[in-house]
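J.: Coordinates in protein21.txt, compact mmCIF, C-alpha atoms, are listed below.
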```txt
# COMPACT_ATOMS: atom_id res chain seq x y z
CA MET A 1 178.71 -214.06 64.55
CA GLN A 2 182.13 -213.61 66.09
CA PRO A 3 183.09 -209.91 66.03
CA SER A 4 186.13 -210.68 63.87
CA THR A 5 183.95 -211.90 61.01
CA LEU A 6 181.94 -208.68 60.80
CA ASP A 7 182.97 -205.61 58.84
CA PRO A 8 184.03 -202.53 60.88
CA LEU A 9 180.75 -200.62 60.57
CA THR A 10 178.73 -203.68 61.61
CA THR A 11 181.09 -204.35 64.51
CA TYR A 12 180.72 -200.74 65.65
CA THR A 13 176.92 -200.98 65.45
CA VAL A 14 176.92 -204.20 67.47
CA ARG A 15 179.08 -202.54 70.14
CA LEU A 16 176.52 -199.78 70.54
CA GLY A 17 173.76 -202.39 70.65
CA ASP A 18 175.61 -204.38 73.32
CA ASP A 19 175.98 -201.30 75.53
CA ALA A 20 172.27 -200.62 75.23
CA LEU A 21 171.11 -204.21 75.77
CA VAL A 22 173.27 -204.88 78.82
CA SER A 23 172.55 -201.57 80.57
CA GLY A 24 168.85 -201.85 79.74
CA HIS A 25 168.78 -205.35 81.23
CA ARG A 26 170.42 -204.16 84.44
CA LEU A 27 167.79 -201.44 84.80
CA SER A 28 164.98 -203.89 84.10
CA GLU A 29 166.13 -205.90 87.12
CA TRP A 30 164.52 -203.23 89.31
CA THR A 31 161.08 -204.18 88.05
CA GLY A 32 159.25 -205.57 91.04
CA SER A 33 161.71 -204.28 93.61
CA ALA A 34 162.11 -200.53 93.07
CA PRO A 35 161.69 -198.29 96.13
CA MET A 36 158.30 -197.03 94.98
CA LEU A 37 155.80 -197.58 92.20
CA GLU A 38 156.48 -194.29 90.44
CA GLU A 39 160.23 -194.86 90.36
CA GLU A 40 159.76 -198.42 89.21
CA LEU A 41 157.80 -197.30 86.16
CA ALA A 42 160.35 -194.60 85.45
CA LEU A 43 163.23 -197.10 85.60
CA ALA A 44 161.34 -199.56 83.41
CA ASN A 45 160.71 -196.79 80.87
CA VAL A 46 164.41 -196.08 80.63
CA ALA A 47 165.12 -199.81 80.37
CA LEU A 48 162.66 -200.08 77.50
CA ASP A 49 164.23 -197.08 75.74
CA LEU A 50 167.58 -198.86 75.93
CA LEU A 51 166.12 -202.15 74.76
CA GLY A 52 164.62 -200.28 71.79
CA ARG A 53 168.03 -198.78 71.10
CA ALA A 54 169.62 -202.25 71.15
CA ARG A 55 167.01 -203.49 68.68
CA LEU A 56 167.71 -200.62 66.28
CA CYS A 57 171.43 -201.38 66.37
CA TYR A 58 171.10 -205.16 66.15
CA GLY A 59 168.50 -204.86 63.42
CA TYR A 60 170.81 -202.75 61.32
CA ALA A 61 173.76 -205.04 62.02
CA ALA A 62 171.65 -208.07 61.08
CA GLU A 63 170.66 -206.49 57.75
CA ARG A 64 174.28 -205.80 56.98
CA THR A 65 175.29 -209.34 57.93
CA GLY A 66 172.59 -211.17 55.99
CA GLN A 67 172.72 -215.01 55.98
CA GLY A 68 169.54 -215.32 58.01
CA CYS A 69 170.97 -213.23 60.81
CA SER A 70 168.41 -211.34 62.94
CA GLU A 71 168.48 -209.02 65.92
CA ASP A 72 167.87 -212.09 68.09
CA SER A 73 171.06 -213.70 66.78
CA PHE A 74 173.01 -210.91 68.43
CA ALA A 75 171.04 -210.77 71.66
CA TYR A 76 170.49 -214.48 72.29
CA GLN A 77 173.02 -216.53 70.36
CA ARG A 78 176.34 -215.15 71.43
CA ASP A 79 178.37 -215.97 74.52
CA CYS A 80 180.30 -213.58 76.78
CA ARG A 81 183.41 -213.34 74.67
CA ALA A 82 181.40 -212.15 71.66
CA PHE A 83 179.72 -209.36 73.66
CA THR A 84 181.52 -206.05 73.31
CA ASN A 85 179.78 -203.74 75.79
CA HIS A 86 181.72 -201.48 78.10
CA LEU A 87 182.27 -203.15 81.47
CA ILE A 88 180.49 -200.44 83.45
CA HIS A 89 177.12 -201.59 82.07
CA GLU A 90 177.42 -205.19 83.22
CA LEU A 91 178.24 -204.50 86.87
CA PRO A 92 175.42 -205.75 89.12
CA ARG A 93 172.76 -203.16 89.79
CA GLY A 94 173.87 -202.76 93.40
CA ASP A 95 171.77 -200.46 95.55
CA PHE A 96 169.65 -197.65 94.14
CA ALA A 97 172.49 -195.12 94.53
CA PHE A 98 174.81 -197.36 92.52
CA THR A 99 172.27 -197.79 89.73
CA MET A 100 171.58 -194.07 89.50
CA ALA A 101 175.25 -193.03 89.76
CA ARG A 102 176.13 -195.35 86.88
CA GLN A 103 173.13 -194.10 84.93
CA PHE A 104 174.14 -190.49 85.48
CA MET A 105 177.74 -191.01 84.32
CA VAL A 106 176.58 -192.95 81.28
CA ASP A 107 173.78 -190.51 80.38
CA CYS A 108 176.19 -187.62 80.66
CA LEU A 109 178.21 -189.12 77.82
CA ALA A 110 175.27 -190.58 75.89
CA VAL A 111 173.75 -187.19 75.09
CA PRO A 112 176.76 -185.65 73.31
CA PHE A 113 177.68 -189.05 71.84
CA LEU A 114 174.27 -189.50 70.25
CA GLN A 115 174.29 -185.91 69.02
CA GLY A 116 177.54 -186.79 67.29
CA LEU A 117 176.09 -190.04 65.96
CA ALA A 118 173.21 -188.07 64.46
CA ARG A 119 175.80 -186.38 62.23
CA SER A 120 177.33 -189.69 61.09
CA LEU A 121 177.87 -190.03 57.36
CA ASP A 122 176.15 -193.39 57.61
CA SER A 123 172.49 -192.43 57.35
CA ARG A 124 171.19 -195.37 59.40
CA LEU A 125 173.49 -194.64 62.32
CA ALA A 126 172.59 -190.95 62.01
CA GLY A 127 168.92 -191.91 62.25
CA ILE A 128 169.55 -194.00 65.37
CA GLY A 129 171.45 -191.10 66.95
CA ALA A 130 168.75 -188.56 66.16
CA LYS A 131 166.00 -190.76 67.56
CA CYS A 132 167.81 -191.84 70.71
CA VAL A 133 169.26 -188.51 71.79
CA LYS A 134 165.80 -187.27 72.74
CA GLU A 135 165.36 -190.20 75.11
CA SER A 136 168.82 -189.75 76.56
CA ARG A 137 168.16 -186.10 77.34
CA TYR A 138 165.28 -187.20 79.52
CA HIS A 139 167.36 -189.98 81.11
CA LEU A 140 170.03 -187.42 81.97
CA ARG A 141 167.53 -185.03 83.46
CA ARG A 142 166.24 -187.79 85.73
CA SER A 143 169.62 -189.17 86.74
CA THR A 144 171.04 -185.70 87.40
CA ASP A 145 168.05 -184.97 89.59
CA TRP A 146 168.76 -188.10 91.61
CA MET A 147 172.41 -187.14 92.14
CA PHE A 148 171.22 -184.04 93.98
CA ARG A 149 168.48 -185.85 95.86
CA LEU A 150 170.80 -188.62 97.05
CA GLY A 151 173.87 -186.43 97.56
CA ASP A 152 171.92 -183.81 99.52
CA GLY A 153 169.50 -186.27 101.07
CA THR A 154 170.20 -188.15 104.28
CA GLU A 155 173.53 -189.18 105.76
CA GLU A 156 172.86 -192.70 104.47
CA SER A 157 171.95 -191.68 100.92
CA HIS A 158 175.04 -189.48 100.73
CA ARG A 159 177.29 -192.27 101.96
CA ARG A 160 175.83 -194.77 99.52
CA LEU A 161 176.17 -192.40 96.58
CA GLN A 162 179.77 -191.56 97.43
CA SER A 163 180.70 -195.22 97.71
CA ALA A 164 178.95 -195.95 94.38
CA VAL A 165 180.98 -193.22 92.66
CA ASP A 166 184.18 -194.56 94.23
CA GLU A 167 183.38 -198.04 92.94
CA LEU A 168 182.44 -196.91 89.45
CA TRP A 169 185.13 -194.37 88.78
CA GLY A 170 187.76 -196.80 87.49
CA PHE A 171 185.30 -198.09 84.89
CA THR A 172 184.79 -194.68 83.27
CA PRO A 173 188.06 -194.28 81.32
CA GLU A 174 187.01 -197.23 79.17
CA LEU A 175 184.06 -195.19 77.90
CA PHE A 176 186.53 -192.94 76.08
CA ALA A 177 189.02 -195.51 74.82
CA GLN A 178 189.15 -195.91 71.05
CA ASP A 179 190.77 -198.86 69.30
CA ALA A 180 192.01 -198.93 65.71
CA LEU A 181 188.59 -199.92 64.38
CA GLU A 182 186.87 -196.95 65.99
CA ALA A 183 189.65 -194.58 65.00
CA GLU A 184 189.21 -195.66 61.40
CA LEU A 185 185.44 -195.08 61.52
CA VAL A 186 185.97 -191.68 63.15
CA HIS A 187 188.36 -190.84 60.36
CA SER A 188 185.80 -191.72 57.69
CA GLY A 189 183.10 -189.65 59.40
CA VAL A 190 180.97 -192.64 60.38
CA GLY A 191 181.94 -193.06 64.04
CA VAL A 192 181.86 -190.51 66.84
CA ASP A 193 185.19 -189.17 68.07
CA LEU A 194 185.20 -189.62 71.85
CA GLU A 195 188.37 -187.67 72.53
CA PRO A 196 186.77 -184.17 72.33
CA LEU A 197 183.92 -185.38 74.56
CA ARG A 198 186.19 -186.39 77.43
CA GLU A 199 186.93 -183.00 79.00
CA PRO A 200 183.37 -181.60 78.74
CA TRP A 201 182.11 -184.86 80.26
CA LEU A 202 184.51 -184.58 83.18
CA THR A 203 183.50 -180.96 83.73
CA ALA A 204 179.79 -181.77 83.63
CA VAL A 205 180.11 -184.76 85.94
CA ASN A 206 182.27 -182.81 88.34
CA GLN A 207 179.86 -179.90 88.39
CA THR A 208 176.89 -182.06 89.35
CA PHE A 209 178.83 -184.07 91.90
CA SER A 210 180.29 -181.03 93.61
CA GLY A 211 176.80 -179.54 93.71
CA ALA A 212 175.63 -182.73 95.38
CA GLY A 213 178.55 -182.78 97.83
CA ILE A 214 180.19 -185.81 96.23
CA VAL A 215 183.96 -185.95 95.91
CA LEU A 216 185.47 -187.38 92.73
CA PRO A 217 187.94 -190.10 93.70
CA ALA A 218 191.50 -190.21 92.42
CA LEU A 219 191.85 -192.39 89.36
CA ASP A 220 194.30 -194.82 90.96
CA TRP A 221 192.98 -197.91 89.16
CA GLN A 222 191.13 -198.54 85.94
CA VAL A 223 189.99 -201.51 83.89
CA ASP A 224 188.91 -202.08 80.33
CA GLY A 225 188.52 -204.97 77.90
CA GLY A 226 184.81 -204.92 77.13
CA ARG A 227 185.26 -203.97 73.49
CA GLN A 228 187.59 -206.97 73.10
CA GLY A 229 185.14 -209.33 74.76
CA LEU A 230 187.12 -209.54 78.01
CA HIS A 231 184.48 -209.17 80.69
CA THR A 232 183.96 -209.20 84.42
CA GLU A 233 182.53 -212.33 86.01
CA HIS A 234 179.11 -210.66 86.04
CA LEU A 235 178.26 -210.72 82.34
CA GLY A 236 177.93 -214.50 82.17
CA HIS A 237 175.36 -214.51 84.95
CA LEU A 238 173.47 -211.70 83.27
CA LEU A 239 173.39 -213.56 79.96
CA SER A 240 172.31 -216.82 81.57
CA GLU A 241 169.15 -215.06 82.64
CA LEU A 242 168.70 -212.90 79.55
CA GLN A 243 169.24 -215.79 77.14
CA PHE A 244 167.62 -218.61 79.11
CA VAL A 245 164.50 -219.09 77.00
CA GLN A 246 166.34 -219.12 73.68
CA ARG A 247 168.96 -221.48 75.11
CA ALA A 248 166.38 -223.87 76.53
CA TYR A 249 164.01 -223.70 73.55
CA PRO A 250 166.13 -222.68 70.54
CA GLY A 251 164.20 -220.88 67.83
CA GLN A 252 161.01 -220.56 69.89
CA GLN A 253 158.74 -217.67 69.03
CA TRP A 254 155.59 -216.28 70.58
CA MET B 1 163.92 -189.70 101.64
CA THR B 2 161.44 -191.92 103.36
CA LEU B 3 157.97 -192.73 102.15
CA SER B 4 156.55 -190.46 104.82
CA ASP B 5 158.37 -187.49 103.23
CA LEU B 6 156.38 -188.01 100.08
CA GLN B 7 153.46 -185.85 99.14
CA LEU B 8 150.42 -186.75 97.10
CA PHE B 9 149.94 -184.92 93.80
CA GLU B 10 147.02 -184.83 91.39
CA VAL B 11 147.95 -185.10 87.73
CA PHE B 12 146.23 -183.29 84.88
CA LEU B 13 147.03 -183.93 81.22
CA ARG B 14 146.24 -181.97 78.09
CA PRO B 15 145.74 -184.70 75.49
CA ARG B 16 146.01 -182.41 72.45
CA ARG B 17 146.45 -178.75 71.74
CA GLY B 18 143.13 -176.98 72.00
CA LEU B 19 141.71 -179.34 74.63
CA ASP B 20 141.56 -178.72 78.37
CA HIS B 21 143.74 -180.43 80.92
CA LYS B 22 141.90 -183.40 82.40
CA HIS B 23 142.43 -185.10 85.72
CA VAL B 24 144.00 -188.50 85.09
CA GLY B 25 145.06 -189.70 88.53
CA SER B 26 147.48 -189.12 91.36
CA LEU B 27 150.98 -190.08 92.43
CA HIS B 28 153.52 -189.69 95.22
CA ALA B 29 156.61 -187.53 94.87
CA GLN B 30 159.01 -185.58 97.02
CA ASP B 31 158.35 -182.21 95.40
CA PRO B 32 156.65 -180.66 92.34
CA ALA B 33 159.69 -181.10 90.08
CA GLN B 34 159.80 -184.81 90.76
CA ALA B 35 156.03 -185.05 90.46
CA ILE B 36 156.16 -183.66 86.91
CA GLU B 37 158.77 -186.26 85.93
CA TYR B 38 156.87 -189.11 87.52
CA ALA B 39 153.67 -187.90 85.85
CA ARG B 40 155.49 -188.12 82.55
CA ASP B 41 156.62 -191.66 83.32
CA VAL B 42 153.41 -192.96 84.85
CA TYR B 43 150.73 -191.25 82.76
CA THR B 44 152.19 -190.40 79.33
CA ARG B 45 153.96 -193.61 78.34
CA ARG B 46 151.71 -194.12 75.34
CA GLY B 47 151.69 -190.57 74.08
CA GLU B 48 148.62 -189.48 76.06
CA GLY B 49 149.59 -185.86 76.52
CA VAL B 50 151.31 -182.71 75.30
CA SER B 51 151.23 -180.86 78.63
CA ILE B 52 151.18 -181.84 82.31
CA TRP B 53 149.93 -180.04 85.39
CA VAL B 54 150.58 -181.35 88.87
CA VAL B 55 148.91 -179.95 91.96
CA ARG B 56 149.48 -180.89 95.58
CA SER B 57 146.37 -182.82 96.55
CA ALA B 58 146.38 -180.96 99.86
CA ASP B 59 145.98 -177.69 97.96
CA ILE B 60 142.69 -178.72 96.39
CA VAL B 61 139.63 -177.38 98.16
CA ALA B 62 136.76 -179.77 97.55
CA SER B 63 133.03 -179.57 98.16
CA GLN B 64 131.89 -181.95 100.86
CA GLU B 65 129.29 -184.68 100.91
CA GLY B 66 127.13 -182.48 103.15
CA ASP B 67 127.19 -179.70 100.53
CA VAL B 68 125.29 -181.80 98.00
CA GLU B 69 121.82 -180.74 99.07
CA PRO B 70 122.26 -176.96 99.26
CA PHE B 71 124.66 -176.87 96.31
CA PHE B 72 123.13 -179.09 93.73
CA ASP B 73 119.57 -180.16 94.56
CA PRO B 74 117.85 -176.82 93.78
CA LEU B 75 119.00 -177.09 90.17
CA ASP B 76 116.88 -180.17 89.53
CA ASP B 77 113.67 -178.21 88.91
CA LYS B 78 115.01 -175.34 86.82
CA PRO B 79 114.95 -176.83 83.31
CA TYR B 80 114.89 -173.33 81.79
CA ARG B 81 118.53 -172.98 82.74
CA HIS B 82 119.45 -175.82 80.42
CA ALA B 83 119.72 -175.53 76.68
CA LEU B 84 117.67 -178.69 76.33
CA HIS B 85 115.12 -177.30 73.90
CA TYR B 86 117.53 -176.13 71.24
CA LYS B 87 118.46 -178.38 68.36
CA LEU B 88 122.18 -178.27 67.68
CA PRO B 89 123.11 -177.55 64.07
CA ASN B 90 124.85 -180.54 62.49
CA SER B 91 128.07 -178.64 62.05
CA VAL B 92 128.42 -178.32 65.82
CA ASP B 93 129.79 -181.63 67.04
CA SER B 94 129.31 -181.20 70.73
CA MET B 95 128.82 -178.59 73.36
```
Would you mind writing the file out in structure tokens?
T.:
Amino acid sequence: MQPSTLDPLTTYTVRLGDDALVSGHRLSEWTGSAPMLEEELALANVALDLLGRARLCYGYAAERTGQGCSEDSFAYQRDCRAFTNHLIHELPRGDFAFTMARQFMVDCLAVPFLQGLARSLDSRLAGIGAKCVKESRYHLRRSTDWMFRLGDGTEESHRRLQSAVDELWGFTPELFAQDALEAELVHSGVGVDLEPLREPWLTAVNQTFSGAGIVLPALDWQVDGGRQGLHTEHLGHLLSELQFVQRAYPGQQW
Amino acid sequence: MTLSDLQLFEVFLRPRRGLDHKHVGSLHAQDPAQAIEYARDVYTRRGEGVSIWVVRSADIVASQEGDVEPFFDPLDDKPYRHALHYKLPNSVDSM
């Protein structure tokens, strides 16, 4: 199940699944400790949407892989270096402003990305895109709303949101990086070309942040490596929790 | 936003087209826009509705316990106001 042994389309599908699983897991960590009941349910709903997205991707990848591979093989039986999610998703949830700022930046790209995926020449990926874009539109509506509420809220909420954006900004260029594998899939009409999405994303993000009184930081540092399996120290801790049951009781079902 | 800034809203859902909105519960939110979103997340997770109304609970004028006698008691002995003596045709499911 190492990425190198999978064909390009399967690898691409697993990448999308990894993004969804890891970000969904981070959101699910709010369950039981969200600021209020209503927000807790809303966050859990988004987490479940992302978990469902991961299952669609892993399920498809498992079918393509065969050899008894299942969606669980991807979620539970790989270690850090085999995970290929973007780094931004694995950062600890931080405070509520951090979680929502990350969610907003990610949602802002997810909507046009999934629209593009819905036009993929691979019909299964197109189906995943068409189904998930509806959810992402709602996620974006919610996260945009929170940018205004936090940015225009109290002195404290503004400060926390600004510092979250400062912390996250260097992780955003990775969302648009394309390696040879993705370039090839874009060329064959299967993958989504991220390059044309970059400028509109920046404009949209900037528009909301300036409306909320948040200043975009200078891009004086940036990191990547997620797609190559080079992660921050945080992913291992996340996986140790996410994978605990399958690690302790391999093959258990209920 | 502190919890004391929150207002209470009543939530009404229309389960299907052609049916009336029904009261399903209440929730806290900062304003009506947020209340609609929370209503979606709290009350329609399993496809319960096709339309949501939210109303500030404070805006609802309700009859009081003391109104029960003058409002409702006199109706007890006026059976002629009820359509109790008509048999519904089978083709009418309910009224």
J.: Please return, as a PDB file with C-alpha atoms, keeping the file's coordinate frame, all residues of chain B lying within 8 Å of chain A when only C-alpha atoms are considered.
T.:
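Final file, selection_14.pdb:
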```
ATOM      1  CA  MET B   1     163.920-189.700 101.640  1.00  0.00           C
ATOM      2  CA  LEU B  27     150.980-190.080  92.430  1.00  0.00           C
ATOM      3  CA  HIS B  28     153.520-189.690  95.220  1.00  0.00           C
ATOM      4  CA  GLU B  37     158.770-186.260  85.930  1.00  0.00           C
ATOM      5  CA  TYR B  38     156.870-189.110  87.520  1.00  0.00           C
ATOM      6  CA  ASP B  41     156.620-191.660  83.320  1.00  0.00           C
ATOM      7  CA  VAL B  42     153.410-192.960  84.850  1.00  0.00           C
ATOM      8  CA  ARG B  45     153.960-193.610  78.340  1.00  0.00           C
TER       9      ARG B  45
END
```
J.: Fewer than 6 positions away in the same chain doesn't count, so skip those; otherwise give me all residues within 10 Å of Leu50 in chain A, counting all atoms listed in the file, as a PyMOL selection string.
T.: chain A and resi 17+19-25+27-28+44+56+132+135-136
J.: Distance CA of Lys22 in chain B-CA of Ser143 in chain A, one decimal place?
T.: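 Those two atoms sit 28.6 Å apart.
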J.: Write out as a compact mmCIF listing (two decimals) with C-alpha atoms, in the coordinates of the input which residues come within 12 Å of Asp59 in chain B when counting all atoms listed in the file, dropping same-chain ones fewer than 6 positions away.
T.:
```txt
# COMPACT_ATOMS: atom_id res chain seq x y z
CA GLN B 7 153.46 -185.85 99.14
CA LEU B 8 150.42 -186.75 97.10
CA PHE B 9 149.94 -184.92 93.80
CA GLU B 10 147.02 -184.83 91.39
```
J.: Skip Ala218 in chain A itself and residues of its chain fewer than 2 positions away, then list as a list in words all residues within 9 Å of it, counting all atoms listed in the file.
T.: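 Close residues of Ala218 in chain A: Asp166, Trp169, Leu216, Asp220 and Trp221 of chain A.
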